[in-house]
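For reference, structure10.txt (compact mmCIF, C-alpha atoms (C1' of nucleotides)):
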# COMPACT_ATOMS: atom_id res chain seq x y z
CA MET A 1 2.84 -19.94 -3.72
CA SER A 2 4.82 -22.97 -2.67
CA LEU A 3 3.19 -23.87 0.62
CA PRO A 4 0.12 -25.64 -0.80
CA HIS A 5 2.35 -27.64 -3.10
CA ALA A 6 4.76 -28.49 -0.33
CA ILE A 7 1.79 -29.80 1.62
CA LEU A 8 0.49 -31.81 -1.33
CA THR A 9 3.93 -33.34 -1.69
CA ALA A 10 4.09 -34.24 1.98
CA LEU A 11 0.61 -35.76 1.89
CA LEU A 12 1.48 -37.83 -1.17
CA GLU A 13 4.51 -39.17 0.63
CA ARG A 14 2.30 -40.02 3.57
CA PRO A 15 -1.27 -39.02 4.52
CA SER A 16 -1.14 -37.04 7.73
CA SER A 17 -3.07 -34.84 10.10
CA GLY A 18 -2.35 -31.16 10.58
CA LEU A 19 -0.13 -31.65 13.57
CA GLU A 20 1.78 -34.49 11.97
CA LEU A 21 2.39 -32.24 8.99
CA THR A 22 3.61 -29.54 11.34
CA ARG A 23 6.09 -31.98 12.83
CA ARG A 24 7.30 -33.02 9.40
CA PHE A 25 7.68 -29.37 8.43
CA ASP A 26 9.90 -28.94 11.45
CA ARG A 27 12.32 -31.56 10.22
CA SER A 28 12.73 -32.75 6.66
CA ILE A 29 10.62 -30.47 4.52
CA GLY A 30 11.14 -27.51 6.79
CA TYR A 31 14.83 -27.49 5.92
CA PHE A 32 13.91 -25.76 2.69
CA TRP A 33 10.31 -24.68 3.30
CA SER A 34 9.25 -23.95 6.84
CA ALA A 35 5.68 -23.43 7.98
CA THR A 36 3.86 -22.94 11.26
CA HIS A 37 0.83 -24.96 12.26
CA GLN A 38 -1.48 -22.01 11.61
CA GLN A 39 -0.32 -21.75 8.03
CA ILE A 40 -0.80 -25.45 7.62
CA TYR A 41 -4.32 -25.63 9.02
CA ARG A 42 -5.43 -22.67 6.93
CA GLU A 43 -3.90 -24.19 3.84
CA LEU A 44 -5.44 -27.60 4.54
CA GLY A 45 -8.83 -25.91 4.62
CA LYS A 46 -8.22 -24.23 1.28
CA LEU A 47 -6.91 -27.39 -0.34
CA GLU A 48 -9.94 -29.33 0.84
CA GLY A 49 -12.23 -26.61 -0.48
CA ALA A 50 -10.49 -26.76 -3.85
CA GLY A 51 -11.03 -30.51 -4.04
CA TYR A 52 -7.33 -31.31 -3.98
CA ILE A 53 -7.40 -33.29 -0.76
CA ARG A 54 -9.99 -34.90 1.48
CA ALA A 55 -10.21 -35.83 5.11
CA LEU A 56 -9.87 -39.55 5.69
CA PRO A 57 -13.19 -40.97 6.90
CA THR A 58 -13.13 -41.25 10.67
CA GLU A 59 -15.66 -41.99 13.37
CA ARG A 60 -15.79 -38.75 15.28
CA PRO A 61 -15.03 -35.64 13.28
CA ALA A 62 -15.05 -33.06 16.06
CA ARG A 63 -12.95 -30.21 17.30
CA GLY A 64 -9.86 -31.42 19.07
CA GLN A 65 -10.10 -34.73 17.19
CA LYS A 66 -7.36 -35.87 14.90
CA LYS A 67 -8.19 -35.40 11.24
CA SER A 68 -5.99 -36.95 8.55
CA TYR A 69 -5.94 -35.96 4.91
CA GLU A 70 -5.10 -37.70 1.67
CA VAL A 71 -4.48 -36.30 -1.79
CA LEU A 72 -7.16 -36.66 -4.48
CA PRO A 73 -6.35 -37.17 -8.17
CA ALA A 74 -7.04 -33.50 -8.86
CA GLY A 75 -4.44 -32.62 -6.25
CA ARG A 76 -1.83 -34.83 -7.84
CA GLU A 77 -2.52 -33.26 -11.23
CA GLU A 78 -2.24 -29.75 -9.84
CA LEU A 79 1.06 -30.66 -8.23
CA ALA A 80 2.41 -32.10 -11.47
CA ARG A 81 1.29 -28.99 -13.34
CA TRP A 82 2.88 -26.59 -10.86
CA THR A 83 6.09 -28.58 -10.75
CA SER A 84 6.55 -28.42 -14.50
CA ALA A 85 5.66 -24.75 -14.90
CA PRO A 86 8.63 -22.36 -15.13
CA GLN A 87 9.31 -20.15 -12.14
CA ASP A 88 11.84 -17.40 -11.73
CA PRO A 89 14.36 -17.74 -8.92
CA LYS A 90 13.77 -15.29 -6.10
CA PRO A 91 16.67 -12.89 -5.61
CA TRP A 92 18.60 -13.62 -2.42
CA ARG A 93 17.71 -11.20 0.33
CA ASP A 94 19.72 -11.07 3.48
CA ALA A 95 19.54 -8.62 6.33
CA LEU A 96 23.14 -9.42 7.22
CA PHE A 97 24.39 -7.62 4.14
CA VAL A 98 22.22 -4.62 4.91
CA ARG A 99 23.79 -4.56 8.34
CA LEU A 100 27.30 -4.85 6.97
CA ARG A 101 26.75 -1.98 4.60
CA ALA A 102 25.10 0.03 7.35
CA SER A 103 27.98 -0.61 9.71
CA ALA A 104 30.28 0.65 6.97
CA VAL A 105 28.56 4.02 6.86
CA VAL A 106 27.95 4.50 10.58
CA GLY A 107 31.47 3.31 11.31
CA THR A 108 30.75 0.90 14.17
CA THR A 109 31.68 -2.67 13.52
CA THR A 110 32.09 -4.44 16.85
CA GLY A 111 28.38 -5.24 17.20
CA VAL A 112 28.10 -6.92 13.82
CA GLU A 113 31.37 -8.68 14.29
CA ASP A 114 30.05 -10.45 17.37
CA ASP A 115 26.99 -11.48 15.45
CA LEU A 116 29.05 -12.73 12.55
CA ARG A 117 30.81 -15.05 14.97
CA ARG A 118 27.46 -16.25 16.25
CA HIS A 119 26.16 -16.84 12.72
CA LEU A 120 29.28 -18.73 11.86
CA SER A 121 28.75 -21.20 14.66
CA LEU A 122 25.06 -21.56 13.75
CA HIS A 123 25.93 -22.37 10.16
CA GLN A 124 28.62 -24.78 11.26
CA ARG A 125 26.10 -26.59 13.42
CA GLN A 126 23.60 -26.75 10.55
CA LEU A 127 26.25 -28.04 8.22
CA ALA A 128 27.20 -30.76 10.67
CA GLU A 129 23.55 -31.76 10.98
CA TYR A 130 23.16 -32.08 7.22
CA GLU A 131 26.31 -34.13 6.92
CA GLU A 132 25.05 -36.38 9.68
CA ILE A 133 21.81 -36.92 7.76
CA GLU A 134 23.71 -37.62 4.58
CA LYS A 135 25.81 -40.26 6.28
CA ARG A 136 22.77 -41.86 7.91
CA ASP A 137 20.23 -41.79 5.08
CA PHE A 138 22.18 -41.78 1.87
CA GLY A 139 24.80 -44.41 2.19
CA PRO A 140 25.28 -47.09 -0.49
CA GLY A 141 22.11 -48.77 -1.65
CA ARG A 142 19.14 -46.44 -1.71
CA ASP A 143 19.43 -45.16 -5.22
CA THR A 144 15.95 -45.11 -6.61
CA ALA A 145 15.06 -41.95 -8.52
CA GLN A 146 13.39 -40.59 -5.40
CA ASP A 147 16.48 -41.17 -3.29
CA ARG A 148 18.75 -39.54 -5.80
CA LEU A 149 16.56 -36.45 -6.02
CA GLN A 150 16.28 -36.12 -2.27
CA HIS A 151 20.02 -36.53 -1.96
CA LEU A 152 20.45 -33.75 -4.50
CA ILE A 153 18.39 -31.42 -2.35
CA LEU A 154 20.39 -32.32 0.73
CA ARG A 155 23.55 -31.66 -1.24
CA ALA A 156 22.33 -28.16 -2.03
CA GLY A 157 21.86 -27.55 1.66
CA ILE A 158 25.34 -28.80 2.42
CA ASP A 159 26.89 -26.74 -0.35
CA LEU A 160 25.10 -23.57 0.72
CA GLU A 161 26.02 -23.98 4.38
CA THR A 162 29.58 -24.63 3.32
CA VAL A 163 29.81 -21.35 1.43
CA TRP A 164 28.28 -19.52 4.34
CA THR A 165 30.79 -20.88 6.83
CA GLN A 166 33.67 -20.12 4.50
CA TRP A 167 32.45 -16.65 3.72
CA LEU A 168 31.76 -15.82 7.36
CA ALA A 169 35.23 -17.03 8.31
CA SER A 170 36.84 -14.84 5.67
CA ALA A 171 34.64 -11.92 6.71
CA LEU A 172 35.82 -12.25 10.29
CA GLU A 173 39.40 -12.32 9.09
CA GLU A 174 38.76 -9.12 7.19
CA PHE A 175 37.22 -7.55 10.28
CA GLY A 176 40.38 -8.36 12.14
CA ARG A 177 42.32 -6.15 9.73
CA LEU A 178 39.87 -3.27 10.06
CA PRO A 179 40.60 -0.22 12.25
CA GLU A 180 38.75 -0.06 15.55
CA ASP A 181 35.40 1.64 15.88
CA GLY A 182 34.81 5.35 16.06
CA GLY A 183 36.70 6.38 12.95
CA ARG A 184 33.48 7.60 11.40
CA GLU A 185 33.98 8.52 7.80
CA GLU A 186 35.12 12.08 7.25
CA GLU A 187 36.42 11.23 3.83
CA PRO A 188 35.53 13.83 1.21
CA GLU A 189 32.22 12.26 0.14
CA ARG A 190 33.58 10.88 -3.06
CA GLU A 191 31.13 9.28 -5.46
CA GLN A 192 30.27 5.81 -4.31
CA PRO A 193 30.80 3.07 -6.86
CA GLU A 194 27.37 1.71 -5.88
CA SER A 195 28.26 -1.87 -6.40
CA MET B 1 12.47 -5.15 9.39
CA SER B 2 15.42 -4.34 7.18
CA LEU B 3 13.86 -1.99 4.65
CA PRO B 4 13.83 1.15 6.81
CA HIS B 5 17.44 0.53 7.76
CA ALA B 6 18.46 -0.13 4.19
CA ILE B 7 16.90 3.22 3.30
CA LEU B 8 18.67 4.98 6.15
CA THR B 9 21.94 3.52 4.95
CA ALA B 10 21.32 4.63 1.40
CA LEU B 11 20.37 8.14 2.53
CA LEU B 12 23.51 8.39 4.65
CA GLU B 13 25.59 7.45 1.67
CA ARG B 14 23.83 10.13 -0.33
CA PRO B 15 20.65 12.17 0.33
CA SER B 16 18.11 11.28 -2.33
CA SER B 17 14.52 11.57 -3.43
CA GLY B 18 12.14 8.63 -3.53
CA LEU B 19 12.71 7.89 -7.17
CA GLU B 20 16.46 8.18 -6.88
CA LEU B 21 16.30 5.69 -4.03
CA THR B 22 14.22 3.39 -6.19
CA ARG B 23 16.89 3.53 -8.88
CA ARG B 24 19.61 2.78 -6.38
CA PHE B 25 17.57 -0.12 -5.04
CA ASP B 26 17.45 -1.48 -8.56
CA ARG B 27 21.21 -1.63 -8.78
CA SER B 28 23.64 -1.74 -5.91
CA ILE B 29 21.56 -2.14 -2.77
CA GLY B 30 18.89 -4.12 -4.57
CA TYR B 31 21.37 -6.92 -5.15
CA PHE B 32 20.80 -7.98 -1.58
CA TRP B 33 17.68 -6.05 -0.59
CA SER B 34 15.18 -5.18 -3.30
CA ALA B 35 12.28 -2.79 -2.91
CA THR B 36 9.65 -1.26 -5.14
CA HIS B 37 8.96 2.45 -5.26
CA GLN B 38 5.70 2.02 -3.34
CA GLN B 39 7.50 0.37 -0.48
CA ILE B 40 10.05 3.15 -0.50
CA TYR B 41 7.57 6.03 -0.49
CA ARG B 42 5.56 4.45 2.27
CA GLU B 43 8.69 3.86 4.32
CA LEU B 44 9.98 7.39 3.73
CA GLY B 45 6.73 8.67 5.17
CA LYS B 46 7.13 6.50 8.25
CA LEU B 47 10.76 7.44 8.75
CA GLU B 48 9.91 11.12 8.50
CA GLY B 49 7.10 10.66 10.99
CA ALA B 50 9.48 8.96 13.39
CA GLY B 51 11.92 11.84 13.16
CA TYR B 52 14.67 9.76 11.59
CA ILE B 53 14.86 11.71 8.35
CA ARG B 54 13.65 15.06 7.05
CA ALA B 55 12.86 16.48 3.64
CA LEU B 56 15.52 18.85 2.41
CA PRO B 57 14.12 22.40 2.39
CA THR B 58 12.89 23.25 -1.07
CA GLU B 59 10.84 26.02 -2.61
CA ARG B 60 7.74 24.23 -3.80
CA PRO B 61 6.74 21.13 -1.90
CA ALA B 62 3.91 19.83 -4.05
CA ARG B 63 2.71 16.59 -5.55
CA GLY B 64 4.76 15.54 -8.50
CA GLN B 65 7.65 17.69 -7.24
CA LYS B 66 10.96 16.16 -6.39
CA LYS B 67 11.50 15.81 -2.65
CA SER B 68 14.87 14.82 -1.24
CA TYR B 69 15.53 13.47 2.21
CA GLU B 70 18.48 13.49 4.57
CA VAL B 71 19.12 11.49 7.73
CA LEU B 72 18.78 13.19 11.11
CA PRO B 73 21.00 12.32 14.10
CA ALA B 74 18.22 10.20 15.58
CA GLY B 75 18.17 8.20 12.35
CA ARG B 76 21.86 7.57 12.47
CA GLU B 77 21.59 6.43 16.07
CA GLU B 78 18.75 4.09 15.28
CA LEU B 79 20.75 2.62 12.42
CA ALA B 80 23.78 2.07 14.63
CA ARG B 81 21.60 0.47 17.27
CA TRP B 82 19.90 -1.90 14.80
CA THR B 83 23.18 -2.81 13.18
CA SER B 84 24.75 -3.87 16.44
CA ALA B 85 21.76 -5.81 17.75
CA PRO B 86 21.91 -9.58 17.23
CA GLN B 87 19.61 -11.06 14.62
CA ASP B 88 19.03 -14.67 13.74
CA PRO B 89 19.75 -15.77 10.18
CA LYS B 90 16.61 -16.55 8.22
CA PRO B 91 16.43 -20.16 7.12
CA TRP B 92 16.91 -20.55 3.36
CA ARG B 93 13.63 -21.08 1.58
CA ASP B 94 13.56 -22.07 -2.03
CA ALA B 95 10.64 -23.14 -4.15
CA LEU B 96 13.00 -25.01 -6.45
CA PHE B 97 13.63 -27.64 -3.80
CA VAL B 98 9.93 -28.03 -3.18
CA ARG B 99 9.50 -28.61 -6.88
CA LEU B 100 12.30 -31.15 -6.98
CA ARG B 101 10.84 -33.11 -4.13
CA ALA B 102 7.39 -32.85 -5.67
CA SER B 103 8.66 -34.08 -9.01
CA ALA B 104 10.17 -37.01 -7.16
CA VAL B 105 6.78 -38.11 -5.84
CA VAL B 106 4.68 -37.41 -8.93
CA GLY B 107 7.33 -38.96 -11.12
CA THR B 108 7.56 -36.34 -13.87
CA THR B 109 10.91 -34.65 -14.22
CA THR B 110 11.17 -33.19 -17.72
CA GLY B 111 9.40 -29.93 -16.80
CA VAL B 112 11.69 -29.15 -13.89
CA GLU B 113 14.71 -30.20 -15.85
CA ASP B 114 14.03 -27.53 -18.46
CA ASP B 115 13.65 -24.96 -15.73
CA LEU B 116 16.87 -26.08 -14.05
CA ARG B 117 18.65 -25.32 -17.31
CA ARG B 118 17.04 -21.91 -17.42
CA HIS B 119 17.99 -21.17 -13.83
CA LEU B 120 21.54 -22.23 -14.53
CA SER B 121 21.90 -19.70 -17.30
CA LEU B 122 20.30 -17.00 -15.16
CA HIS B 123 22.74 -17.65 -12.34
CA GLN B 124 25.64 -17.72 -14.77
CA ARG B 125 24.61 -14.33 -16.07
CA GLN B 126 24.32 -12.93 -12.55
CA LEU B 127 27.70 -14.31 -11.64
CA ALA B 128 29.26 -12.70 -14.68
CA GLU B 129 27.68 -9.38 -13.76
CA TYR B 130 29.08 -9.51 -10.23
CA GLU B 131 32.52 -10.39 -11.50
CA GLU B 132 32.34 -7.50 -13.91
CA ILE B 133 31.51 -5.15 -11.03
CA GLU B 134 34.34 -6.55 -8.96
CA LYS B 135 36.83 -5.95 -11.73
CA ARG B 136 35.53 -2.43 -12.34
CA ASP B 137 35.02 -1.15 -8.80
CA PHE B 138 37.39 -3.08 -6.60
CA GLY B 139 40.71 -3.06 -8.31
CA PRO B 140 43.91 -2.04 -6.51
CA GLY B 141 43.69 1.16 -4.51
CA ARG B 142 40.26 1.65 -2.94
CA ASP B 143 40.85 -0.02 0.35
CA THR B 144 39.26 2.18 2.93
CA ALA B 145 37.22 0.32 5.52
CA GLN B 146 34.07 1.09 3.55
CA ASP B 147 35.51 -0.34 0.35
CA ARG B 148 36.66 -3.48 2.05
CA LEU B 149 33.26 -4.09 3.61
CA GLN B 150 31.43 -3.48 0.33
CA HIS B 151 33.84 -5.79 -1.41
CA LEU B 152 33.08 -8.42 1.20
CA ILE B 153 29.38 -8.19 0.39
CA LEU B 154 30.03 -8.49 -3.30
CA ARG B 155 32.20 -11.51 -2.59
CA ALA B 156 29.28 -13.16 -0.83
CA GLY B 157 27.17 -12.63 -3.95
CA ILE B 158 29.87 -14.11 -6.15
CA ASP B 159 30.37 -17.09 -3.85
CA LEU B 160 26.65 -17.81 -3.64
CA GLU B 161 26.11 -17.58 -7.39
CA THR B 162 29.10 -19.84 -7.85
CA VAL B 163 27.62 -22.56 -5.68
CA TRP B 164 24.32 -22.26 -7.46
CA THR B 165 25.83 -22.69 -10.88
CA GLN B 166 27.90 -25.63 -9.70
CA TRP B 167 25.00 -27.28 -7.96
CA LEU B 168 22.63 -26.75 -10.88
CA ALA B 169 25.18 -28.23 -13.25
CA SER B 170 25.59 -31.30 -11.08
CA ALA B 171 21.82 -31.58 -10.72
CA LEU B 172 21.41 -31.59 -14.48
CA GLU B 173 24.04 -34.28 -14.73
CA GLU B 174 22.11 -36.34 -12.22
CA PHE B 175 18.91 -35.81 -14.20
CA GLY B 176 20.67 -37.18 -17.24
CA ARG B 177 21.16 -40.45 -15.38
CA LEU B 178 17.53 -40.62 -14.26
CA PRO B 179 14.97 -42.89 -15.98
CA GLU B 180 12.50 -41.14 -18.29
CA ASP B 181 9.13 -39.87 -17.06
CA GLY B 182 6.15 -42.00 -16.33
CA GLY B 183 7.74 -44.50 -14.01
CA ARG B 184 5.54 -43.33 -11.16
CA GLU B 185 6.52 -44.88 -7.90
CA GLU B 186 4.84 -48.18 -7.23
CA GLU B 187 7.49 -49.13 -4.75
CA PRO B 188 6.08 -50.69 -1.60
CA GLU B 189 5.63 -47.46 0.37
CA ARG B 190 8.63 -48.00 2.54
CA GLU B 191 9.21 -45.58 5.37
CA GLN B 192 10.70 -42.38 4.04
CA PRO B 193 13.93 -41.33 5.70
CA GLU B 194 12.46 -37.79 5.91
CA SER B 195 15.73 -36.07 5.38
C1' DC C 1 -10.48 -32.43 39.57
C1' DT C 2 -6.44 -30.01 38.24
C1' DG C 3 -2.94 -29.57 35.30
C1' DT C 4 -0.66 -30.81 31.07
C1' DC C 5 -0.28 -32.31 26.62
C1' DC C 6 -2.50 -33.07 22.10
C1' DA C 7 -5.03 -31.15 18.29
C1' DT C 8 -7.43 -27.77 15.78
C1' DG C 9 -8.55 -23.49 15.16
C1' DT C 10 -9.48 -17.65 15.23
C1' DA C 11 -7.88 -12.81 15.02
C1' DA C 12 -4.90 -9.01 14.37
C1' DG C 13 -1.15 -6.92 12.22
C1' DC C 14 2.70 -6.30 9.07
C1' DG C 15 5.53 -6.42 4.98
C1' DG C 16 5.51 -7.21 0.18
C1' DT C 17 3.21 -7.20 -4.42
C1' DT C 18 0.34 -5.46 -8.09
C1' DA C 19 -2.59 -2.27 -10.17
C1' DC C 20 -4.03 2.09 -10.62
C1' DA C 21 -4.19 7.48 -10.08
C1' DT C 22 -2.40 12.13 -10.54
C1' DG C 23 0.51 16.15 -10.97
C1' DA C 24 4.70 18.12 -13.11
C1' DT C 25 8.27 18.33 -16.68
C1' DT C 26 10.23 17.59 -21.00
C1' DT C 27 10.00 16.27 -25.85
C1' DT C 28 8.12 16.47 -30.46
C1' DA D 1 -1.09 20.99 -28.06
C1' DA D 2 -0.15 16.07 -27.55
C1' DA D 3 2.65 12.51 -25.91
C1' DA D 4 6.08 10.62 -23.19
C1' DT D 5 8.47 10.59 -19.03
C1' DC D 6 9.39 11.89 -14.31
C1' DA D 7 7.81 11.80 -9.65
C1' DT D 8 4.83 10.86 -5.93
C1' DG D 9 1.28 8.68 -4.16
C1' DT D 10 -3.50 5.34 -2.98
C1' DA D 11 -5.85 1.03 -2.64
C1' DA D 12 -6.50 -3.81 -2.45
C1' DC D 13 -4.78 -8.24 -1.78
C1' DC D 14 -1.97 -11.98 0.01
C1' DG D 15 1.24 -14.60 2.72
C1' DC D 16 3.53 -14.87 6.96
C1' DT D 17 3.98 -14.07 12.04
C1' DT D 18 2.40 -13.78 16.70
C1' DA D 19 -0.77 -14.22 20.18
C1' DC D 20 -4.63 -16.16 21.84
C1' DA D 21 -8.84 -19.55 22.21
C1' DT D 22 -11.12 -24.08 22.53
C1' DG D 23 -11.90 -28.91 23.16
C1' DG D 24 -10.43 -33.61 24.14
C1' DA D 25 -7.29 -37.14 26.34
C1' DC D 26 -4.61 -38.51 29.99
C1' DA D 27 -1.68 -38.39 34.43
C1' DG D 28 -1.21 -37.48 39.19

In structure tokens, write the structure found in this file.
Amino acid sequence: MSLPHAILTALLERPSSGLELTRRFDRSIGYFWSATHQQIYRELGKLEGAGYIRALPTERPARGQKKSYEVLPAGREELARWTSAPQDPKPWRDALFVRLRASAVVGTTTGVEDDLRRHLSLHQRQLAEYEEIEKRDFGPGRDTAQDRLQHLILRAGIDLETVWTQWLASALEEFGRLPEDGGREEEPEREQPES
Amino acid sequence: MSLPHAILTALLERPSSGLELTRRFDRSIGYFWSATHQQIYRELGKLEGAGYIRALPTERPARGQKKSYEVLPAGREELARWTSAPQDPKPWRDALFVRLRASAVVGTTTGVEDDLRRHLSLHQRQLAEYEEIEKRDFGPGRDTAQDRLQHLILRAGIDLETVWTQWLASALEEFGRLPEDGGREEEPEREQPES
DNA sequence: CTGTCCATGTAAGCGGTTACATGATTTT
DNA sequence: AAAATCATGTAACCGCTTACATGGACAG
């Protein structure tokens, strides 16, 4: 249930229309919470219905016309409430690990290995992008509370991408030491450790 | 679309019933792909319908009776196919970052700070559990290809939990240097860097 | 006036989550 | 016999994804 609150946050930072929000969710906010324009429009409707936001008064409210929203006091309160309420971290879920484990049992590794290389370069690119942003937006100066918190978030992104690149590199090294494909397991079905 | 393939993998490692699978998804596999028993039963039905698995012949196939499944050749082929096909990494999505950014704009940080502390201890516990497993199941010996790949996956878990604990610790430090609550931003609405 | 963006929407489908239902087995 | 547990399932809801639809503004 984070999307409505991500939208409230974005609208507090700057009142926007649906499409503008979509654009902002493609860059900054989308780095840690992505959303398509359909999600956003639907959610804007709900938030307006709940009295959390309202459309800025405009001359011609018609289909195909730009419609900007701003946050109402009730919306700000809801956001503060949600932010302070405890929430459990979601367990990390990654299809890549499923694939690795699957490739271990079916005994073919070349396909995944190629994809690991591809993922590595994607993560390297992402990491470079984050570091670029850090250099550009968080130099000296700029240390209000807001800046420091946003920097913290960016740091998390950098740290996570760093682990990914390191882990993928070490995984590829490990693959290099593995026997070639085809040696499908005929080992005597010993009990798996299940770890 | 990873659940069916995670189930195929698990069934290749060892033919199981629905409930046994559920148990295994609570431990080992669930560390990187969790699933409830309802998901699993539904998926078992689909996989059987697709001809990927079959129920092991048993005397009394009735409701409330244990029913074990094994993977058919078509299932193994599908798993090999899926494993080798390229897949894009899902962007990391985390509500915690939404909350941090939200707390930055509403100006109240004590609530999140408490939860950061809680998350830190949760991640520390998880990290300890993984390290325990590593010590127990991946000592010397045990270096077939399967072992090495499973170890690699576990390593990813350890690495990720390590970054989280480090980042959370540094975040809490940063919070210690922040001004107390209430100082809601009345800064002159300067353009956000949007990073 | 045709095509191309811009902007807002609708509809269908799928996976995941939660709550509940029911039969079989084991325990006390 | 009652209660607890094992085992399999149904039903409803919700968020996300993808594809498609509609209307206005503007360029050639």

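Shortest atom-to-atom contact with chain C among A:Ser28, A:Gln166, A:Gln124, A:Ser17: A:Ser17, counting all atoms listed in the file.
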
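The two atoms in question, atom CA of Thr165 of chain B and atom CA of Thr22 of chain B, are spaced 28.9 Å apart.
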
Q: Would you please work out which residue, of B:Asp147, B:Met1, B:Gly139, B:Leu100, is nearest to DC14 of chain C when using only C-alpha atoms (C1' of nucleotides)?
A: B:Met1

Write down, as a PDB file with C-alpha atoms (C1' of nucleotides), in the frame of the given file, each residue of chain C that has any atom within 8 Å of an atom of chain A, counting all atoms listed in the file.
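The result, stored in result_38.pdb:
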ATOM      1  C1'  DA C   7      -5.030 -31.150  18.290  1.00  0.00           C
ATOM      2  C1'  DT C   8      -7.430 -27.770  15.780  1.00  0.00           C
ATOM      3  C1'  DG C   9      -8.550 -23.490  15.160  1.00  0.00           C
TER       4       DG C   9
END

**Q.** Atom pair atom CA of Ala102 of chain B / atom CA of Arg81 of chain A: separation (Å)
**A.** 10.5 Å

**Q.** Coordinates-based distance that separates atom CA of Pro179 of chain B from atom CA of Glu132 of chain A (Å, one decimal)
**A.**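 We find that atom CA of Glu132 of chain A and atom CA of Pro179 of chain B lie 28.3 Å from each other.
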
Q: Identify, on the basis of all atoms listed in the file, every residue whose closest approach to DG16 of chain C does not exceed 12 Å; exclude the query and any residue fewer than 3 positions from it along the same chain; express the result as a ChimeraX atom specification.
A: /B:1,3,34-40,42 /D:13-16

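The smallest atom-to-atom distance between DA24 of chain C and any of D:DA25, D:DT5, D:DA12, D:DT17, using all atoms listed in the file, is found for D:DT5.
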
Can you sort out the box for segment 110-126 of chain B, edges along x, y and z, all listed atoms in, 6 Å on every side, with centre and edge lengths in Å to one decimal, as AutoDock Vina command-line options?
--center_x 17.5 --center_y -23.1 --center_z -15.4 --size_x 28.2 --size_y 32.3 --size_z 18.1

Since the input has fewer atoms than a full residue there, write segment 119-132 of chain B out with N, CA and C atoms, as a short mmCIF file (atom, residue, chain, number, x, y, z; two decimals), in the coordinates of the input.
data_model
loop_
_atom_site.label_atom_id
_atom_site.label_comp_id
_atom_site.auth_asym_id
_atom_site.auth_seq_id
_atom_site.Cartn_x
_atom_site.Cartn_y
_atom_site.Cartn_z
N HIS B 119 17.42 -21.76 -15.04
CA HIS B 119 17.99 -21.17 -13.83
C HIS B 119 19.51 -21.12 -13.91
N LEU B 120 20.08 -22.19 -14.42
CA LEU B 120 21.54 -22.23 -14.53
C LEU B 120 22.03 -21.05 -15.35
N SER B 121 21.39 -20.79 -16.47
CA SER B 121 21.90 -19.70 -17.30
C SER B 121 21.64 -18.35 -16.63
N LEU B 122 20.55 -18.24 -15.89
CA LEU B 122 20.30 -17.00 -15.16
C LEU B 122 21.39 -16.75 -14.11
N HIS B 123 21.73 -17.81 -13.38
CA HIS B 123 22.74 -17.65 -12.34
C HIS B 123 24.11 -17.37 -12.95
N GLN B 124 24.37 -17.99 -14.10
CA GLN B 124 25.64 -17.72 -14.77
C GLN B 124 25.74 -16.26 -15.17
N ARG B 125 24.62 -15.72 -15.66
CA ARG B 125 24.61 -14.33 -16.07
C ARG B 125 24.85 -13.42 -14.86
N GLN B 126 24.16 -13.74 -13.76
CA GLN B 126 24.32 -12.93 -12.55
C GLN B 126 25.75 -12.97 -12.05
N LEU B 127 26.31 -14.15 -12.08
CA LEU B 127 27.70 -14.31 -11.64
C LEU B 127 28.64 -13.46 -12.49
N ALA B 128 28.42 -13.50 -13.78
CA ALA B 128 29.26 -12.70 -14.68
C ALA B 128 29.13 -11.21 -14.37
N GLU B 129 27.90 -10.79 -14.07
CA GLU B 129 27.68 -9.38 -13.76
C GLU B 129 28.44 -8.98 -12.50
N TYR B 130 28.37 -9.82 -11.47
CA TYR B 130 29.08 -9.51 -10.23
C TYR B 130 30.58 -9.44 -10.47
N GLU B 131 31.08 -10.37 -11.25
CA GLU B 131 32.52 -10.39 -11.50
C GLU B 131 32.95 -9.17 -12.28
N GLU B 132 32.08 -8.73 -13.16
CA GLU B 132 32.34 -7.50 -13.91
C GLU B 132 32.46 -6.32 -12.94
#
